Amino acid sequence: MIIPEPESDLSLNLLIISAEVIQLIKERLKKKKYVILDDILKTFIEEDSRRTINLLLDAITFLYFIDVIYFKDYRIVMRGSSQSKMDKFLK
C-alpha cells in the first residue's frame with residue numbers, strides 16, 4: 001500500500017524504501033553503468049533487519065512502473081534524471 005496506515009512504521013513504507021533503493025542504485029552507478037539486483041540486495045537487508053527481499057522487489061517493481069528504472073539484460077538502469085521523472089509522475 002502506498003498510503004501508510006496511521007499505526008504503520010514509515011521506515012518500511014514503499015515510498016521510503018523506493019527512495020532508499022534509488023540512492024543505492026545511484027551509488028552503484030557511480031562505479032558501473034548498470035546494477036544487478038544482487039549488488040543492492042545485501043546492502044538493503046543489512047541496513048534494517050526487518051527488511052526482506054519482498055520489500056526490495058516491491059520497490060523495484062514500483063520504480064519500474066513509474067518509469068524511473070528499466071531492465072536491460074537482467075541489469076537495472078536508471079532513466080535520465082529520476083527527479084524529472086518523479087515530477088512528471090506527480091503532475
# chains A, B, ... in the order shown; residues from 1 in each chain; ligands from 1
call {"tool": "select_by_dssp", "arguments": {"residues": "region 32-81 of chain A", "states": "alpha helix (DSSP H)", "output": "ChimeraX atom specification"}}
result
/A:37-47,53-65
call {"tool": "write_last_selection", "arguments": {"atoms": "C-alpha atoms", "output": "mmCIF file, in the first residue's frame"}}
result
data_model
loop_
_atom_site.group_PDB
_atom_site.id
_atom_site.type_symbol
_atom_site.label_atom_id
_atom_site.label_comp_id
_atom_site.auth_asym_id
_atom_site.auth_seq_id
_atom_site.Cartn_x
_atom_site.Cartn_y
_atom_site.Cartn_z
ATOM 1 C CA LEU A 37 19.769 -6.887 -8.134
ATOM 2 C CA ASP A 38 22.230 -8.953 -6.077
ATOM 3 C CA ASP A 39 24.512 -5.892 -5.853
ATOM 4 C CA ILE A 40 21.979 -3.950 -3.802
ATOM 5 C CA LEU A 41 20.252 -6.832 -2.006
ATOM 6 C CA LYS A 42 22.929 -7.368 0.646
ATOM 7 C CA THR A 43 23.262 -3.659 1.474
ATOM 8 C CA PHE A 44 19.484 -3.234 1.504
ATOM 9 C CA ILE A 45 18.930 -6.018 4.035
ATOM 10 C CA GLU A 46 21.904 -5.052 6.228
ATOM 11 C CA GLU A 47 20.554 -1.524 6.769
ATOM 12 C CA ILE A 53 13.641 -9.391 -0.384
ATOM 13 C CA ASN A 54 9.907 -8.904 -0.951
ATOM 14 C CA LEU A 55 10.183 -5.248 0.102
ATOM 15 C CA LEU A 56 13.078 -4.772 -2.306
ATOM 16 C CA LEU A 57 11.196 -6.412 -5.165
ATOM 17 C CA ASP A 58 8.108 -4.295 -4.423
ATOM 18 C CA ALA A 59 10.250 -1.163 -4.560
ATOM 19 C CA ILE A 60 11.939 -2.253 -7.803
ATOM 20 C CA THR A 61 8.532 -3.004 -9.332
ATOM 21 C CA PHE A 62 7.183 0.384 -8.210
ATOM 22 C CA LEU A 63 10.193 2.227 -9.656
ATOM 23 C CA TYR A 64 9.801 0.349 -12.933
ATOM 24 C CA PHE A 65 6.087 1.115 -13.018
#
call {"tool": "residues_around", "arguments": {"residues": "region 3-11 of chain A", "least_positions_apart": "3", "cutoff": "10 Å", "atoms": "only C-alpha atoms", "output": "VMD selection string"}}
result
chain A and resid 14 to 17 20 48 50 to 51
call {"tool": "closest_residue", "arguments": {"among": "A:Ile22, A:Glu27, A:Tyr34, A:Asn13", "to": "Phe71 (chain A)", "atoms": "only C-alpha atoms"}}
result
A:Tyr34
call {"tool": "atom_distance", "arguments": {"atom1": "CA of Lys26 (chain A)", "atom2": "CA of Tyr74 (chain A)"}}
result
17.1 Å
call {"tool": "select_by_dssp", "arguments": {"residues": "chain A", "states": "strand (DSSP E or B)", "output": "list of chain:residue names"}}
result
A:Val35, A:Ile69, A:Tyr70, A:Phe71, A:Lys72, A:Arg75, A:Ile76, A:Val77, A:Met78
call {"tool": "atom_distance", "arguments": {"atom1": "CA of Leu29 (chain A)", "atom2": "CA of Ile76 (chain A)"}}
result
9.7 Å
call {"tool": "closest_residue", "arguments": {"among": "A:Ser18, A:Gln23, A:Lys33, A:Ser49", "to": "Ile66 (chain A)", "atoms": "only C-alpha atoms"}}
result
A:Ser18
call {"tool": "atom_distance", "arguments": {"atom1": "CA of Lys31 (chain A)", "atom2": "CA of Asp73 (chain A)"}}
result
18.4 Å
